[in-house]
Amino acid sequence: SRVYLLESLGASFSGLAVYFLLVPYFSNWQGTAIIGIIISLLIFLSFGQKRLKFVFVFIFIFLIAFSLFDIPSQKIYWKPFPLQKSKDSPYGKLQVIKNREQVSLYNNSLLVYSYPNLAVSEESIHFAFLQIPEAKRALLIGGGAGGSLAEALKYPQVEVDYVELDPEIIRLSLEFLPEEEKRILNNRRVHIFLQDGRSFLHKVQKKYDLIILNLPEPATAQINRFYTKEFFLKVKEKLAEKGVFSFLVPSAENYISPELQQFLATLHFTLYKAFDMVEVVPGDTNVFLASSSSLSIDFDELSQKIETLHLRTSYIRPQLLQSRLHPLRINLLKEKMEKGRKKINLDFVPISYFYNSVLWNTQFKGLEAKILNSFSELSSFWLLDFPLLLFLLILFFFWLRRKKSAFFLVPLAVMGFTTIISEIIVIICFQTLYGYVYGQMALLLTTFMAGLFLGSLWSSKRKKKDFFRILLIQSLFILLIFFLYLSLKTHASEIFLFLFLLILGFLGGDLFIVSNHLYLKEKTNYGLGYGLDLGGSFLGALAASSLLIPLVGLPQLLKYLFLLNSFCFLFLIGKPKQ
């Protein structure tokens, strides 16, 4: 119990150090080196052997070199493209690549923008603006510094609210972009808001003629929250009566693979849950347009508008649109999407993120894409019911054997499985609702570890550690899961999510001490209880993050977690009285 106490206490203090010191002031590599040096020094001082000083000096030199190798390693990674600058911010790892006149900004290895890239800049803006050329109020979420703002300002009457989460994106843009693009960022018709785009949309009171989402495709859970039914409904609420919403995703001009078909179909069907009218422009990039009013991607109509407006464009012009907007090409894409599985991307069922992972894996020769695809076709019976039945059979087997040790150890495995899945669910909830989980991750995990320390400390000091205590803790786990499930139905506050993790950790620490205390009275296998705790955590993390959360969603997963813990409680009640 003392080892467990010290481990959770160390994790709590280091989490605070990461949040308040390492993330704000050091890069990831520097932070890792600092932690390594502190650990090495503690080990050296603890053992106090002079012969270890050479080992310590060697490790110290190695870690200093490790921290200095941050930028060189990134330059090797990006070869043959020259890395100009790398910056760790509370929202991600930003990297600037400059190749002659081309400036590309990446965030966590996802392209934010590439300048100049007229094709993408024009696609992101003009297909939407050509629906309402007279638009006066436009909202641009992300990617404005890469040329999209310049295209929007070609419409002289419009004012643009530009929302960017990370202030470092604006700073790096002002440092590396040419003067004409810097002037665009300072234009009086451009209003820059440095906050999360989704949070901004919730708070803003005005309505827009156009809302343009200019973020990467939903390749991460963080970005996926901008492609869900809930977000699309909020967009619709903030649009004027005839307003238009637009976003674009990478695609293929001529061949739509099954993986790409399913990814596009998910976005297509999700949009229809919020908007009456949806049109998709085919091409290497698909431009999605949605509105409650009429939309048109007819070649003749758009060409006429381009000529009337005297737009000076390179790629969105009649000579290049005739083939792209051919009715056969439009209808083929629409047919492909409508034949895909009618899966809806939701905040708490992030299926588009999963399908994008499948699509990404098709670029490689491994089995990952086939494995993920096969799982996506399984029914909830095989994903949830069947594993639950196996768990019941295991419980029945242990009950028949009537070994006391099983009644002390099974709750530890279930606790490890439950706590890790609950932590992941809370992190996703926090990310979905508040959007800045990257910076808050350390604080969230610190709260759980602090609860773990407090629970194990309180339990260690209690003289009475009996089996009834295990029953009580198990029943509280069931109650806690039920409250988390209810919170998904509402806009859970930050305080609730932090409080949940604190109580979850407290119960976990309490259970660990009591279960191990009772088990070690029967046998002296000190590592088994901790091993089962970690084993349950491993299985929970692997199953939940890779498959269950995107395929069945958070509410359904919590229901089965509730059943799992309830069956464990019933198993404990059946403990023989000897």
# chains A, B, ... in the order shown; residues from 1 in each chain; ligands from 1

$ residues_around --residues "Glu259 of chain A" --least-positions-apart "3" --cutoff "7 Å" --atoms "only C-alpha atoms" --output "list in words"
Gln262, Phe263, Val358 and Leu359 of chain A

$ residues_around --residues "Thr447 of chain A" --least-positions-apart "2" --cutoff "12 Å" --atoms "only C-alpha atoms" --output "VMD selection string"
chain A and resid 8 to 9 11 to 16 19 423 426 440 to 445 449 to 454 495 to 506

$ residues_around --residues "Leu215 of chain A" --least-positions-apart "6" --cutoff "9 Å" --atoms "only C-alpha atoms" --output "list in words"
Leu111, Val112, Tyr113, Ile141, Gly142, Gly143, Ile223, Phe226, Phe247, Leu248 and Val249 of chain A

$ write_last_selection --atoms "C-alpha atoms" --output "mmCIF file, in the first residue's frame"
data_model
loop_
_atom_site.group_PDB
_atom_site.id
_atom_site.type_symbol
_atom_site.label_atom_id
_atom_site.label_comp_id
_atom_site.auth_asym_id
_atom_site.auth_seq_id
_atom_site.Cartn_x
_atom_site.Cartn_y
_atom_site.Cartn_z
ATOM 1 C CA LEU A 111 -1.666 20.691 -42.573
ATOM 2 C CA VAL A 112 -3.168 23.988 -41.364
ATOM 3 C CA TYR A 113 -2.435 25.781 -44.644
ATOM 4 C CA ILE A 141 -13.295 28.957 -38.750
ATOM 5 C CA GLY A 142 -9.585 28.196 -39.197
ATOM 6 C CA GLY A 143 -7.163 28.413 -42.099
ATOM 7 C CA ILE A 223 -11.221 18.069 -35.195
ATOM 8 C CA PHE A 226 -16.523 20.141 -36.089
ATOM 9 C CA PHE A 247 -16.409 22.855 -45.766
ATOM 10 C CA LEU A 248 -14.047 20.789 -47.892
ATOM 11 C CA VAL A 249 -12.302 17.432 -47.459
#

$ select_by_dssp --residues "segment 255-345 of chain A" --states "alpha helix (DSSP H)" --output "PyMOL selection string"
chain A and resi 258-272+299-309+318-324+327-338

$ closest_atom_pairs --of "segment 171-230 of chain A" --to "segment 271-287 of chain A" --cutoff "12 Å" --atoms "only C-alpha atoms" --output "CSV"
residue,atom,partner,partner_atom,distance
A:Ile212,CA,A:Val287,CA,10.7
A:Leu213,CA,A:Val287,CA,10.6
A:Asn214,CA,A:Val287,CA,10.7
A:Pro216,CA,A:Thr285,CA,11.7
A:Glu217,CA,A:Thr285,CA,10.8
A:Phe226,CA,A:Leu271,CA,11.5
A:Tyr227,CA,A:Leu271,CA,8.5
A:Thr228,CA,A:Leu271,CA,8.2
A:Lys229,CA,A:Lys273,CA,6.6
A:Glu230,CA,A:Ala274,CA,8.4

$ write_last_selection --atoms "C-alpha atoms" --output "CSV table (one decimal), in the first residue's frame"
chain,number,residue,atom,x,y,z
A,212,ILE,CA,-17.1,28.4,-43.7
A,213,LEU,CA,-15.3,25.7,-41.9
A,214,ASN,CA,-11.7,25.7,-43.1
A,216,PRO,CA,-8.4,19.7,-41.8
A,217,GLU,CA,-10.6,16.6,-42.4
A,226,PHE,CA,-16.5,20.1,-36.1
A,227,TYR,CA,-18.1,17.5,-38.3
A,228,THR,CA,-20.9,16.2,-36.1
A,229,LYS,CA,-24.7,16.5,-36.2
A,230,GLU,CA,-24.6,18.6,-33.1

$ atom_distance --atom1 "atom CA of Leu392 of chain A" --atom2 "atom CA of Phe417 of chain A"
15.2 Å

$ closest_residue --among "A:Ala369, A:Ile316, A:Ile427, A:Val349" --to "Gly553 of chain A" --atoms "only C-alpha atoms"
A:Val349

$ atom_distance --atom1 "atom CA of Pro116 of chain A" --atom2 "atom CA of His326 of chain A"
27.7 Å

$ select_by_dssp --residues "segment 197-389 of chain A" --states "strand (DSSP E)" --output "MDAnalysis selection string"
chainID A and resid 208:213 239:250 277:281 285:291

$ write_last_selection --atoms "N, CA, C and O atoms" --output "short mmCIF file (atom, residue, chain, number, x, y, z; two decimals), in the first residue's frame"
data_model
loop_
_atom_site.label_atom_id
_atom_site.label_comp_id
_atom_site.auth_asym_id
_atom_site.auth_seq_id
_atom_site.Cartn_x
_atom_site.Cartn_y
_atom_site.Cartn_z
N TYR A 208 -24.97 34.87 -39.43
CA TYR A 208 -24.08 35.04 -40.57
C TYR A 208 -24.76 34.60 -41.86
O TYR A 208 -25.58 33.67 -41.87
N ASP A 209 -24.39 35.27 -42.95
CA ASP A 209 -24.84 34.84 -44.27
C ASP A 209 -24.07 33.59 -44.72
O ASP A 209 -24.62 32.73 -45.40
N LEU A 210 -22.80 33.53 -44.31
CA LEU A 210 -21.94 32.40 -44.67
C LEU A 210 -21.14 31.96 -43.46
O LEU A 210 -20.60 32.79 -42.73
N ILE A 211 -21.07 30.65 -43.26
CA ILE A 211 -20.16 30.08 -42.26
C ILE A 211 -19.30 29.06 -43.00
O ILE A 211 -19.81 28.09 -43.59
N ILE A 212 -18.00 29.30 -43.01
CA ILE A 212 -17.08 28.44 -43.75
C ILE A 212 -16.13 27.77 -42.76
O ILE A 212 -15.40 28.44 -42.02
N LEU A 213 -16.16 26.45 -42.73
CA LEU A 213 -15.26 25.67 -41.90
C LEU A 213 -14.02 25.35 -42.73
O LEU A 213 -14.10 24.67 -43.75
N LEU A 239 -26.96 30.71 -38.74
CA LEU A 239 -27.05 31.19 -40.12
C LEU A 239 -28.29 32.04 -40.32
O LEU A 239 -29.33 31.81 -39.68
N ALA A 240 -28.19 33.02 -41.22
CA ALA A 240 -29.36 33.79 -41.63
C ALA A 240 -30.33 32.88 -42.38
O ALA A 240 -30.01 31.73 -42.70
N GLU A 241 -31.50 33.39 -42.70
CA GLU A 241 -32.56 32.57 -43.30
C GLU A 241 -32.10 31.82 -44.54
O GLU A 241 -32.39 30.64 -44.72
N LYS A 242 -31.36 32.49 -45.41
CA LYS A 242 -30.87 31.86 -46.63
C LYS A 242 -29.37 31.59 -46.57
O LYS A 242 -28.69 31.47 -47.59
N GLY A 243 -28.84 31.48 -45.35
CA GLY A 243 -27.40 31.32 -45.16
C GLY A 243 -26.88 29.99 -45.66
O GLY A 243 -27.62 29.01 -45.80
N VAL A 244 -25.58 29.96 -45.91
CA VAL A 244 -24.93 28.78 -46.48
C VAL A 244 -23.75 28.38 -45.60
O VAL A 244 -22.98 29.23 -45.13
N PHE A 245 -23.61 27.08 -45.39
CA PHE A 245 -22.49 26.50 -44.66
C PHE A 245 -21.64 25.71 -45.64
O PHE A 245 -22.16 25.05 -46.53
N SER A 246 -20.31 25.75 -45.45
CA SER A 246 -19.42 25.09 -46.40
C SER A 246 -18.20 24.53 -45.69
O SER A 246 -17.71 25.10 -44.72
N PHE A 247 -17.72 23.38 -46.17
CA PHE A 247 -16.41 22.85 -45.77
C PHE A 247 -15.90 21.96 -46.88
O PHE A 247 -16.65 21.55 -47.78
N LEU A 248 -14.62 21.67 -46.86
CA LEU A 248 -14.05 20.79 -47.89
C LEU A 248 -13.19 19.71 -47.25
O LEU A 248 -12.61 19.90 -46.18
N VAL A 249 -13.13 18.55 -47.92
CA VAL A 249 -12.30 17.43 -47.46
C VAL A 249 -11.57 16.84 -48.66
O VAL A 249 -12.07 16.88 -49.79
N PRO A 250 -10.37 16.29 -48.44
CA PRO A 250 -9.65 15.63 -49.55
C PRO A 250 -10.45 14.45 -50.08
O PRO A 250 -11.12 13.74 -49.34
N MET A 277 -31.01 21.14 -47.69
CA MET A 277 -30.34 21.11 -48.99
C MET A 277 -28.84 20.86 -48.80
O MET A 277 -28.19 21.53 -47.98
N VAL A 278 -28.31 19.89 -49.53
CA VAL A 278 -26.88 19.58 -49.49
C VAL A 278 -26.40 19.34 -50.92
O VAL A 278 -27.02 18.59 -51.66
N GLU A 279 -25.31 20.00 -51.29
CA GLU A 279 -24.67 19.77 -52.58
C GLU A 279 -23.19 19.51 -52.33
O GLU A 279 -22.59 20.07 -51.41
N VAL A 280 -22.59 18.67 -53.20
CA VAL A 280 -21.17 18.35 -53.05
C VAL A 280 -20.48 18.54 -54.39
O VAL A 280 -20.88 17.95 -55.40
N VAL A 281 -19.46 19.38 -54.40
CA VAL A 281 -18.69 19.63 -55.61
C VAL A 281 -17.64 18.53 -55.75
O VAL A 281 -16.83 18.34 -54.84
N THR A 285 -10.62 17.56 -54.29
CA THR A 285 -11.19 18.03 -53.03
C THR A 285 -12.69 18.13 -53.20
O THR A 285 -13.16 18.69 -54.18
N ASN A 286 -13.44 17.56 -52.27
CA ASN A 286 -14.90 17.69 -52.31
C ASN A 286 -15.32 18.87 -51.45
O ASN A 286 -14.96 18.96 -50.28
N VAL A 287 -16.10 19.77 -52.06
CA VAL A 287 -16.61 20.93 -51.33
C VAL A 287 -18.07 20.65 -50.98
O VAL A 287 -18.91 20.50 -51.87
N PHE A 288 -18.35 20.57 -49.68
CA PHE A 288 -19.72 20.34 -49.20
C PHE A 288 -20.39 21.69 -48.98
O PHE A 288 -19.82 22.57 -48.32
N LEU A 289 -21.59 21.83 -49.50
CA LEU A 289 -22.41 23.03 -49.31
C LEU A 289 -23.72 22.62 -48.68
O LEU A 289 -24.33 21.62 -49.09
N ALA A 290 -24.19 23.37 -47.68
CA ALA A 290 -25.45 23.03 -47.01
C ALA A 290 -26.21 24.30 -46.69
O ALA A 290 -25.62 25.33 -46.36
N SER A 291 -27.54 24.21 -46.78
CA SER A 291 -28.38 25.36 -46.50
C SER A 291 -29.81 24.90 -46.25
O SER A 291 -30.19 23.77 -46.60
#

$ residues_around --residues "Glu338 of chain A" --least-positions-apart "6" --cutoff "12 Å" --atoms "only C-alpha atoms" --output "ChimeraX atom specification"
/A:261-270,272,280,331-332

$ write_last_selection --atoms "all heavy atoms" --output "compact mmCIF listing (two decimals), in the first residue's frame"
# COMPACT_ATOMS: atom_id res chain seq x y z
N GLN A 261 -15.66 6.12 -49.99
CA GLN A 261 -17.11 6.19 -50.11
C GLN A 261 -17.78 6.25 -48.74
O GLN A 261 -18.67 7.08 -48.51
CB GLN A 261 -17.64 4.96 -50.87
CG GLN A 261 -19.15 4.89 -50.97
CD GLN A 261 -19.65 3.56 -51.51
OE1 GLN A 261 -18.98 2.53 -51.35
NE2 GLN A 261 -20.79 3.56 -52.17
N GLN A 262 -17.34 5.40 -47.82
CA GLN A 262 -17.96 5.37 -46.51
C GLN A 262 -17.67 6.65 -45.72
O GLN A 262 -18.54 7.16 -45.02
CB GLN A 262 -17.48 4.15 -45.72
CG GLN A 262 -18.27 3.90 -44.45
CD GLN A 262 -19.76 3.87 -44.70
OE1 GLN A 262 -20.25 3.06 -45.49
NE2 GLN A 262 -20.52 4.74 -44.05
N PHE A 263 -16.45 7.16 -45.87
CA PHE A 263 -16.10 8.39 -45.18
C PHE A 263 -16.95 9.56 -45.67
O PHE A 263 -17.52 10.32 -44.88
CB PHE A 263 -14.60 8.68 -45.39
CG PHE A 263 -14.16 10.02 -44.90
CD1 PHE A 263 -14.22 10.33 -43.55
CD2 PHE A 263 -13.70 10.98 -45.78
CE1 PHE A 263 -13.82 11.58 -43.08
CE2 PHE A 263 -13.29 12.23 -45.33
CZ PHE A 263 -13.35 12.53 -43.98
N LEU A 264 -17.07 9.70 -46.99
CA LEU A 264 -17.86 10.79 -47.56
C LEU A 264 -19.35 10.62 -47.25
O LEU A 264 -20.06 11.60 -47.00
CB LEU A 264 -17.65 10.86 -49.08
CG LEU A 264 -16.22 11.21 -49.55
CD1 LEU A 264 -16.14 11.11 -51.07
CD2 LEU A 264 -15.82 12.60 -49.08
N ALA A 265 -19.81 9.37 -47.28
CA ALA A 265 -21.23 9.09 -47.01
C ALA A 265 -21.61 9.52 -45.59
O ALA A 265 -22.70 10.07 -45.36
CB ALA A 265 -21.53 7.61 -47.22
N THR A 266 -20.71 9.29 -44.64
CA THR A 266 -20.99 9.69 -43.26
C THR A 266 -21.20 11.19 -43.14
O THR A 266 -22.14 11.66 -42.49
CB THR A 266 -19.82 9.25 -42.34
OG1 THR A 266 -19.62 7.85 -42.49
CG2 THR A 266 -20.14 9.54 -40.90
N LEU A 267 -20.32 11.96 -43.79
CA LEU A 267 -20.45 13.42 -43.76
C LEU A 267 -21.74 13.85 -44.48
O LEU A 267 -22.44 14.76 -44.02
CB LEU A 267 -19.24 14.06 -44.44
CG LEU A 267 -17.88 13.80 -43.77
CD1 LEU A 267 -16.76 14.41 -44.61
CD2 LEU A 267 -17.85 14.34 -42.36
N HIS A 268 -22.03 13.18 -45.59
CA HIS A 268 -23.22 13.51 -46.40
C HIS A 268 -24.51 13.30 -45.59
O HIS A 268 -25.35 14.20 -45.50
CB HIS A 268 -23.20 12.61 -47.65
CG HIS A 268 -24.38 12.77 -48.54
ND1 HIS A 268 -24.54 13.83 -49.40
CD2 HIS A 268 -25.47 11.98 -48.73
CE1 HIS A 268 -25.66 13.70 -50.08
NE2 HIS A 268 -26.25 12.58 -49.68
N PHE A 269 -24.65 12.13 -44.98
CA PHE A 269 -25.86 11.82 -44.22
C PHE A 269 -25.96 12.65 -42.94
O PHE A 269 -27.06 13.00 -42.50
CB PHE A 269 -25.92 10.32 -43.90
CG PHE A 269 -26.21 9.46 -45.09
CD1 PHE A 269 -25.31 8.47 -45.49
CD2 PHE A 269 -27.36 9.64 -45.84
CE1 PHE A 269 -25.57 7.67 -46.59
CE2 PHE A 269 -27.63 8.85 -46.95
CZ PHE A 269 -26.73 7.86 -47.33
N THR A 270 -24.81 12.96 -42.33
CA THR A 270 -24.82 13.79 -41.13
C THR A 270 -25.29 15.20 -41.44
O THR A 270 -26.07 15.80 -40.69
CB THR A 270 -23.42 13.82 -40.48
OG1 THR A 270 -22.99 12.48 -40.22
CG2 THR A 270 -23.44 14.59 -39.17
N TYR A 272 -27.33 16.08 -43.78
CA TYR A 272 -28.77 16.04 -44.03
C TYR A 272 -29.59 15.99 -42.75
O TYR A 272 -30.79 16.27 -42.78
CB TYR A 272 -29.11 14.85 -44.93
CG TYR A 272 -29.20 15.21 -46.39
CD1 TYR A 272 -28.33 14.65 -47.32
CD2 TYR A 272 -30.15 16.11 -46.86
CE1 TYR A 272 -28.39 14.98 -48.67
CE2 TYR A 272 -30.23 16.44 -48.21
CZ TYR A 272 -29.35 15.88 -49.10
OH TYR A 272 -29.43 16.22 -50.44
N VAL A 280 -22.59 18.67 -53.20
CA VAL A 280 -21.17 18.35 -53.05
C VAL A 280 -20.48 18.54 -54.39
O VAL A 280 -20.88 17.95 -55.40
CB VAL A 280 -20.96 16.90 -52.56
CG1 VAL A 280 -19.48 16.65 -52.29
CG2 VAL A 280 -21.78 16.63 -51.31
N ASN A 331 -23.49 13.57 -60.39
CA ASN A 331 -24.44 12.49 -60.08
C ASN A 331 -23.73 11.22 -59.64
O ASN A 331 -24.23 10.49 -58.77
CB ASN A 331 -25.33 12.21 -61.28
CG ASN A 331 -26.28 13.35 -61.57
OD1 ASN A 331 -26.66 14.11 -60.67
ND2 ASN A 331 -26.67 13.52 -62.83
N LEU A 332 -22.55 10.95 -60.22
CA LEU A 332 -21.80 9.75 -59.84
C LEU A 332 -21.35 9.84 -58.38
O LEU A 332 -21.48 8.88 -57.61
CB LEU A 332 -20.58 9.58 -60.75
CG LEU A 332 -19.66 8.39 -60.43
CD1 LEU A 332 -20.41 7.07 -60.61
CD2 LEU A 332 -18.41 8.41 -61.31

$ residues_around --residues "Val96 of chain A" --least-positions-apart "6" --cutoff "7 Å" --atoms "only C-alpha atoms" --output "list in words"
Leu83, Gln84, Lys85, Ser86, Val103, Ser104, Leu105 and Tyr106 of chain A

$ closest_residue --among "A:Phe391, A:Phe348, A:Trp399, A:Phe477" --to "Ile549 of chain A" --atoms "only C-alpha atoms"
A:Phe348

$ residues_around --residues "Leu488 of chain A" --least-positions-apart "3" --cutoff "10 Å" --atoms "only C-alpha atoms" --output "number ranges by chain"
A: 347-348, 425-426, 429, 483-485, 491-492, 554-555, 558

$ write_last_selection --atoms "C-alpha atoms" --output "mmCIF file, in the first residue's frame"
data_model
loop_
_atom_site.group_PDB
_atom_site.id
_atom_site.type_symbol
_atom_site.label_atom_id
_atom_site.label_comp_id
_atom_site.auth_asym_id
_atom_site.auth_seq_id
_atom_site.Cartn_x
_atom_site.Cartn_y
_atom_site.Cartn_z
ATOM 1 C CA ASP A 347 -20.358 14.189 -30.669
ATOM 2 C CA PHE A 348 -20.361 11.041 -28.584
ATOM 3 C CA ILE A 425 -14.815 9.133 -21.910
ATOM 4 C CA VAL A 426 -14.307 12.181 -19.665
ATOM 5 C CA CYS A 429 -16.463 14.847 -23.256
ATOM 6 C CA PHE A 483 -24.170 9.842 -13.092
ATOM 7 C CA LEU A 484 -21.615 10.070 -15.919
ATOM 8 C CA TYR A 485 -24.193 8.591 -18.293
ATOM 9 C CA HIS A 491 -23.913 20.125 -21.119
ATOM 10 C CA ALA A 492 -21.699 18.777 -18.321
ATOM 11 C CA LEU A 554 -20.077 6.844 -25.357
ATOM 12 C CA PRO A 555 -23.690 6.391 -24.079
ATOM 13 C CA LEU A 558 -21.403 3.459 -20.488
#

$ residues_around --residues "Ser459 of chain A" --least-positions-apart "6" --cutoff "9 Å" --atoms "only C-alpha atoms" --output "list of chain:residue names"
A:Lys465, A:Gly509, A:Asp510, A:Leu511, A:Phe512, A:Ile513, A:Val514

$ closest_residue --among "A:Val410, A:Ala252, A:Leu561, A:Lys489" --to "Tyr519 of chain A" --atoms "only C-alpha atoms"
A:Val410

$ closest_residue --among "A:Ser73, A:Ser46, A:Ser296, A:Ser515" --to "Ala128 of chain A" --atoms "only C-alpha atoms"
A:Ser296
